[in-house]
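Take a look at the structure set out below.
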Amino acid sequence: MATDKTPATEAASETPITPEVQAAPEVQAAPEVQTAPEVQAAPEVQAAGEAPEVQAAPETQTVSDLADLGTLSGEAAPAGDEPVVPPPVKSTLAIMREQELDAQGRAYATGRRKDAVSRVWIKPGSGKITVNGRDQEVYFARPTLRLVINQPFGIVERDGQYDVVCTVAGGGLSGQAGAVKHGISQALAKFEPALRTTIKAAGFLTRDSRVVERKKYGRAKARKSFQFSKR
């Protein structure tokens with residue numbers, strides 16, 4: 001049997017029925033990603049053989065006048081009316097040697113020159129010089145030899161103030177006079193240590209090492225050759 005359709009039902013039949021669209025589920029926010037901890041930079045490794053850095057020395061300040069000196073030390077500079085006292089200066093003088101005397105109050109020394117050796121004793125007196133038991137004018141007849149043995153007294157201005165007794169052996173008269181001079185110089189420096197600087201400056205304390213050169217075989221003397229003969 002046919003059913004009558006009303007316009008409302010017809011409209012309803014003509015409109016398709018769409019299913020209800022469900023709302024999409026809420027998307028949860030992604031969890032926050034923790035950042036990795038900062039990596040500390042490794043200490044710089046010094047290359048092999050590389051010298052460590054040397055810290056620069058602090059700059060030194062120069063002092064040009066007393067005002068700068070007072071500024072650096074934190075003290076006020078002295079006034080112009082006040083006298084300036086210089087700092088003490090260390091002495092540069094040589095250490096004074098001690099006097100060396102024997103039981104009789106004499107100074108003894110040994111002198112040498114070439115092959116001659118002398119033993120000398122000096123003491124305060126009138127300037128008499130005795131050599132091997134004889135007066136110097138008898139033993140050293142040449143004035144030049146007597147001048148040599150009196151040189152040490154002349155440079156220190158002690159002429160005629162010391163008596164000298166000496167013995168000498170070996171070599172000739174020239175070498176013996178030099179040996180006596182050397183011995184007198186050494187003994188005088190021991191009797192009066194203050195005179196040592198003057199005597200040493202003159203070269204009288206140094207032993208003269210010059211000696212005769214030995215003869216060689218095949219030669220007439222140390223260096224002299226025999227007369228040449230062609231045939």
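Identifiers for the structure tokens are assigned positionally: chains receive A, B, ... in sequence, residues are indexed from 1 per chain, and ligands are indexed from 1 in the order shown.
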* Do you know which residues are at most 10 Å from A:Gln104 counting only C-alpha atoms, after dropping those on the same chain fewer than 3 positions away, and could you put them as a ChimeraX atom specification? -> /A:101,107,123
Write the residues of the selection above to a file with N, CA, C and O atoms, as a JSON list (two decimals), in the first residue's frame.
[["chain", "number", "residue", "atom", "x", "y", "z"],
["A", 101, "LEU", "N", 157.66, 40.50, 62.96],
["A", 101, "LEU", "CA", 158.98, 40.72, 63.54],
["A", 101, "LEU", "C", 159.42, 39.48, 64.29],
["A", 101, "LEU", "O", 158.59, 38.69, 64.77],
["A", 107, "ALA", "N", 162.80, 42.38, 60.93],
["A", 107, "ALA", "CA", 161.96, 41.79, 59.89],
["A", 107, "ALA", "C", 162.86, 41.01, 58.95],
["A", 107, "ALA", "O", 163.90, 41.50, 58.51],
["A", 123, "LYS", "N", 166.27, 46.37, 60.63],
["A", 123, "LYS", "CA", 165.78, 46.92, 61.89],
["A", 123, "LYS", "C", 166.08, 48.42, 61.88],
["A", 123, "LYS", "O", 166.97, 48.88, 61.14]]
* To do: Name all residues at most 9 Å from A:Asp115 (count only C-alpha atoms; drop same-chain ones fewer than 2 positions away) and give them as a count of residues only.
  => 12
* To do: Tell me which of A:Lys181, A:Arg196, A:Lys114, A:Arg223 sits closest to A:Ile129, counting only C-alpha atoms.
  => A:Lys181
* Structure fact -> re atom CA of A:Ser126 and atom CA of A:Leu173: distance 24.7 Å
* Would you work out the distance separating atom CA of A:Thr130 from atom CA of A:Val165, expressed in Å to one decimal? =>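 For atom CA of A:Thr130 relative to atom CA of A:Val165, the distance reads 4.9 Å.
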* Length of the atom CA of A:Thr167 to atom CA of A:Asn132 vector [Å] -> 4.7 Å
* **Residue contacts of A:Gly154 (12 Å, only C-alpha atoms) excluding same-chain residues fewer than 4 positions away, as JSON, numbers by chain** => {"A": [127, 147, 148, 149, 150, 158, 159, 160, 161, 162, 181, 184, 185, 188, 195, 198, 199, 202, 204]}
Serialized selection, all heavy atoms, as a compact mmCIF listing (two decimals), in the first residue's frame:
# COMPACT_ATOMS: atom_id res chain seq x y z
N GLY A 127 171.16 53.33 58.80
CA GLY A 127 171.28 53.14 57.37
C GLY A 127 172.48 52.32 56.96
O GLY A 127 172.85 52.32 55.77
N LEU A 147 173.42 51.51 44.07
CA LEU A 147 172.19 52.24 43.77
C LEU A 147 171.00 51.29 43.70
O LEU A 147 169.89 51.62 44.14
CB LEU A 147 172.35 52.98 42.44
CG LEU A 147 171.14 53.79 41.95
CD1 LEU A 147 170.84 54.93 42.93
CD2 LEU A 147 171.39 54.32 40.56
N VAL A 148 171.24 50.07 43.19
CA VAL A 148 170.15 49.09 43.06
C VAL A 148 169.64 48.67 44.42
O VAL A 148 168.42 48.62 44.66
CB VAL A 148 170.62 47.87 42.25
CG1 VAL A 148 169.62 46.73 42.35
CG2 VAL A 148 170.83 48.25 40.79
N ILE A 149 170.54 48.37 45.35
CA ILE A 149 170.11 47.85 46.64
C ILE A 149 169.48 48.93 47.53
O ILE A 149 168.80 48.62 48.51
CB ILE A 149 171.28 47.16 47.40
CG1 ILE A 149 172.35 48.18 47.74
CG2 ILE A 149 171.83 46.02 46.58
CD1 ILE A 149 173.51 47.58 48.54
N ASN A 150 169.67 50.22 47.19
CA ASN A 150 169.07 51.31 47.97
C ASN A 150 167.77 51.82 47.37
O ASN A 150 167.15 52.72 47.94
CB ASN A 150 170.06 52.47 48.12
CG ASN A 150 171.13 52.19 49.15
OD1 ASN A 150 170.91 52.33 50.37
ND2 ASN A 150 172.31 51.79 48.70
N ARG A 158 162.71 56.38 53.10
CA ARG A 158 163.24 55.83 54.35
C ARG A 158 164.77 55.72 54.28
O ARG A 158 165.37 54.85 54.90
CB ARG A 158 162.65 54.44 54.62
CG ARG A 158 161.16 54.42 54.88
CD ARG A 158 160.82 55.09 56.20
NE ARG A 158 159.42 54.93 56.55
CZ ARG A 158 158.43 55.69 56.12
NH1 ARG A 158 158.69 56.71 55.31
NH2 ARG A 158 157.19 55.48 56.50
N ASP A 159 165.40 56.61 53.55
CA ASP A 159 166.86 56.57 53.43
C ASP A 159 167.51 56.84 54.78
O ASP A 159 167.17 57.81 55.47
CB ASP A 159 167.35 57.61 52.41
CG ASP A 159 166.90 57.27 50.99
OD1 ASP A 159 166.93 56.08 50.65
OD2 ASP A 159 166.50 58.20 50.25
N GLY A 160 168.46 55.97 55.14
CA GLY A 160 169.22 56.17 56.38
C GLY A 160 168.44 55.88 57.64
O GLY A 160 168.86 56.31 58.72
N GLN A 161 167.31 55.17 57.56
CA GLN A 161 166.50 54.90 58.75
C GLN A 161 166.53 53.43 59.17
O GLN A 161 166.00 53.10 60.23
CB GLN A 161 165.05 55.34 58.50
CG GLN A 161 164.89 56.81 58.20
CD GLN A 161 163.44 57.22 58.03
OE1 GLN A 161 162.54 56.52 58.49
NE2 GLN A 161 163.21 58.36 57.39
N TYR A 162 167.11 52.55 58.37
CA TYR A 162 167.13 51.12 58.70
C TYR A 162 168.54 50.56 58.50
O TYR A 162 169.24 50.93 57.55
CB TYR A 162 166.16 50.33 57.80
CG TYR A 162 164.70 50.53 58.14
CD1 TYR A 162 163.95 51.51 57.49
CD2 TYR A 162 164.09 49.75 59.12
CE1 TYR A 162 162.62 51.70 57.79
CE2 TYR A 162 162.75 49.93 59.43
CZ TYR A 162 162.02 50.91 58.76
OH TYR A 162 160.69 51.10 59.08
N LYS A 181 168.19 43.48 46.80
CA LYS A 181 167.11 44.46 46.62
C LYS A 181 165.76 43.81 46.83
O LYS A 181 164.88 44.39 47.51
CB LYS A 181 167.21 45.05 45.21
CG LYS A 181 166.00 45.86 44.79
CD LYS A 181 166.10 46.22 43.31
CE LYS A 181 164.78 46.80 42.81
NZ LYS A 181 164.82 47.10 41.37
N ILE A 184 165.29 43.15 50.60
CA ILE A 184 165.05 44.38 51.36
C ILE A 184 163.60 44.85 51.16
O ILE A 184 162.93 45.29 52.10
CB ILE A 184 166.05 45.48 50.95
CG1 ILE A 184 167.46 45.11 51.43
CG2 ILE A 184 165.63 46.83 51.52
CD1 ILE A 184 168.53 46.09 50.97
N SER A 185 163.11 44.74 49.94
CA SER A 185 161.73 45.16 49.66
C SER A 185 160.73 44.32 50.43
O SER A 185 159.77 44.85 51.02
CB SER A 185 161.46 45.07 48.16
OG SER A 185 162.36 45.85 47.41
N LEU A 188 161.01 45.16 54.20
CA LEU A 188 160.46 46.49 54.51
C LEU A 188 158.93 46.46 54.53
O LEU A 188 158.29 47.12 55.35
CB LEU A 188 160.97 47.50 53.48
CG LEU A 188 160.76 48.99 53.79
CD1 LEU A 188 161.43 49.35 55.12
CD2 LEU A 188 161.33 49.84 52.67
N LEU A 195 153.52 50.48 53.87
CA LEU A 195 154.34 50.80 52.69
C LEU A 195 154.22 49.75 51.59
O LEU A 195 154.81 49.94 50.52
CB LEU A 195 155.81 50.94 53.10
CG LEU A 195 156.12 51.98 54.19
CD1 LEU A 195 157.61 51.94 54.51
CD2 LEU A 195 155.70 53.37 53.74
N THR A 198 152.97 50.96 48.04
CA THR A 198 153.93 51.75 47.26
C THR A 198 155.04 50.86 46.70
O THR A 198 155.42 51.01 45.53
CB THR A 198 154.54 52.84 48.15
OG1 THR A 198 153.49 53.63 48.71
CG2 THR A 198 155.46 53.74 47.34
N ILE A 199 155.52 49.94 47.51
CA ILE A 199 156.61 49.07 47.05
C ILE A 199 156.11 48.13 45.96
O ILE A 199 156.81 47.86 44.97
CB ILE A 199 157.19 48.28 48.24
CG1 ILE A 199 157.75 49.24 49.29
CG2 ILE A 199 158.27 47.32 47.78
CD1 ILE A 199 158.22 48.57 50.56
N ALA A 202 155.76 49.75 42.53
CA ALA A 202 157.05 49.92 41.84
C ALA A 202 157.57 48.62 41.26
O ALA A 202 158.55 48.63 40.51
CB ALA A 202 158.07 50.52 42.80
N PHE A 204 158.83 46.04 43.04
CA PHE A 204 159.97 45.49 43.78
C PHE A 204 159.64 44.21 44.54
O PHE A 204 160.56 43.51 44.99
CB PHE A 204 160.52 46.54 44.77
CG PHE A 204 161.15 47.73 44.10
CD1 PHE A 204 161.43 48.88 44.81
CD2 PHE A 204 161.47 47.69 42.75
CE1 PHE A 204 162.01 49.98 44.19
CE2 PHE A 204 162.05 48.77 42.12
CZ PHE A 204 162.32 49.92 42.85
Within stretch 152-226 of chain A, find each residue whose DSSP state, derived from the backbone, is helix (DSSP H, G or I), and express the selection as a compact mmCIF listing (two decimals) with N, CA and C atoms, in the first residue's frame.
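Resulting contents of selection_30.txt:
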# COMPACT_ATOMS: atom_id res chain seq x y z
N PRO A 152 164.68 50.43 47.20
CA PRO A 152 163.48 50.28 48.03
C PRO A 152 163.33 51.38 49.09
N PHE A 153 164.45 51.81 49.69
CA PHE A 153 164.37 52.87 50.70
C PHE A 153 164.06 54.22 50.06
N GLY A 154 164.51 54.42 48.82
CA GLY A 154 164.29 55.71 48.18
C GLY A 154 162.83 55.97 47.81
N ILE A 155 162.11 54.95 47.33
CA ILE A 155 160.74 55.18 46.88
C ILE A 155 159.77 55.39 48.05
N LEU A 173 177.72 39.34 40.68
CA LEU A 173 177.45 40.51 41.49
C LEU A 173 176.14 41.19 41.09
N SER A 174 175.83 41.21 39.80
CA SER A 174 174.58 41.83 39.36
C SER A 174 173.38 41.07 39.90
N GLY A 175 173.41 39.75 39.80
CA GLY A 175 172.31 38.95 40.32
C GLY A 175 172.22 39.05 41.83
N GLN A 176 173.36 39.11 42.52
CA GLN A 176 173.34 39.22 43.97
C GLN A 176 172.77 40.57 44.42
N ALA A 177 173.10 41.63 43.69
CA ALA A 177 172.53 42.94 44.04
C ALA A 177 171.02 42.92 43.86
N GLY A 178 170.55 42.28 42.79
CA GLY A 178 169.10 42.18 42.60
C GLY A 178 168.43 41.34 43.66
N ALA A 179 169.12 40.28 44.13
CA ALA A 179 168.56 39.45 45.19
C ALA A 179 168.47 40.21 46.50
N VAL A 180 169.49 41.03 46.81
CA VAL A 180 169.46 41.83 48.04
C VAL A 180 168.35 42.87 47.96
N LYS A 181 168.19 43.48 46.80
CA LYS A 181 167.11 44.46 46.62
C LYS A 181 165.76 43.81 46.83
N HIS A 182 165.55 42.63 46.28
CA HIS A 182 164.28 41.92 46.45
C HIS A 182 164.03 41.59 47.92
N GLY A 183 165.09 41.13 48.62
CA GLY A 183 164.92 40.81 50.04
C GLY A 183 164.64 42.02 50.89
N ILE A 184 165.29 43.15 50.60
CA ILE A 184 165.05 44.38 51.36
C ILE A 184 163.60 44.85 51.16
N SER A 185 163.11 44.74 49.94
CA SER A 185 161.73 45.16 49.66
C SER A 185 160.73 44.32 50.43
N GLN A 186 160.95 43.00 50.44
CA GLN A 186 160.03 42.11 51.17
C GLN A 186 160.08 42.39 52.67
N ALA A 187 161.30 42.57 53.22
CA ALA A 187 161.43 42.81 54.66
C ALA A 187 160.84 44.16 55.05
N LEU A 188 161.01 45.16 54.20
CA LEU A 188 160.46 46.49 54.51
C LEU A 188 158.93 46.46 54.53
N ALA A 189 158.33 45.68 53.63
CA ALA A 189 156.87 45.56 53.61
C ALA A 189 156.36 44.83 54.85
N LYS A 190 157.17 43.93 55.41
CA LYS A 190 156.77 43.25 56.64
C LYS A 190 156.95 44.13 57.87
N PHE A 191 157.98 44.98 57.86
CA PHE A 191 158.21 45.85 59.02
C PHE A 191 157.18 46.98 59.06
N PRO A 193 153.76 47.49 57.14
CA PRO A 193 152.75 47.03 56.17
C PRO A 193 152.10 48.16 55.38
N ALA A 194 152.09 49.39 55.92
CA ALA A 194 151.47 50.50 55.21
C ALA A 194 152.24 50.87 53.94
N LEU A 195 153.52 50.48 53.87
CA LEU A 195 154.34 50.80 52.69
C LEU A 195 154.22 49.75 51.59
N ARG A 196 153.51 48.68 51.84
CA ARG A 196 153.46 47.58 50.87
C ARG A 196 152.86 48.03 49.53
N THR A 197 151.83 48.87 49.56
CA THR A 197 151.19 49.31 48.32
C THR A 197 152.17 50.07 47.44
N THR A 198 152.97 50.96 48.04
CA THR A 198 153.93 51.75 47.26
C THR A 198 155.04 50.86 46.70
N ILE A 199 155.52 49.94 47.51
CA ILE A 199 156.61 49.07 47.05
C ILE A 199 156.11 48.13 45.96
N LYS A 200 154.89 47.63 46.11
CA LYS A 200 154.34 46.71 45.12
C LYS A 200 154.07 47.42 43.79
N ALA A 201 153.61 48.68 43.87
CA ALA A 201 153.35 49.43 42.64
C ALA A 201 154.63 49.66 41.84
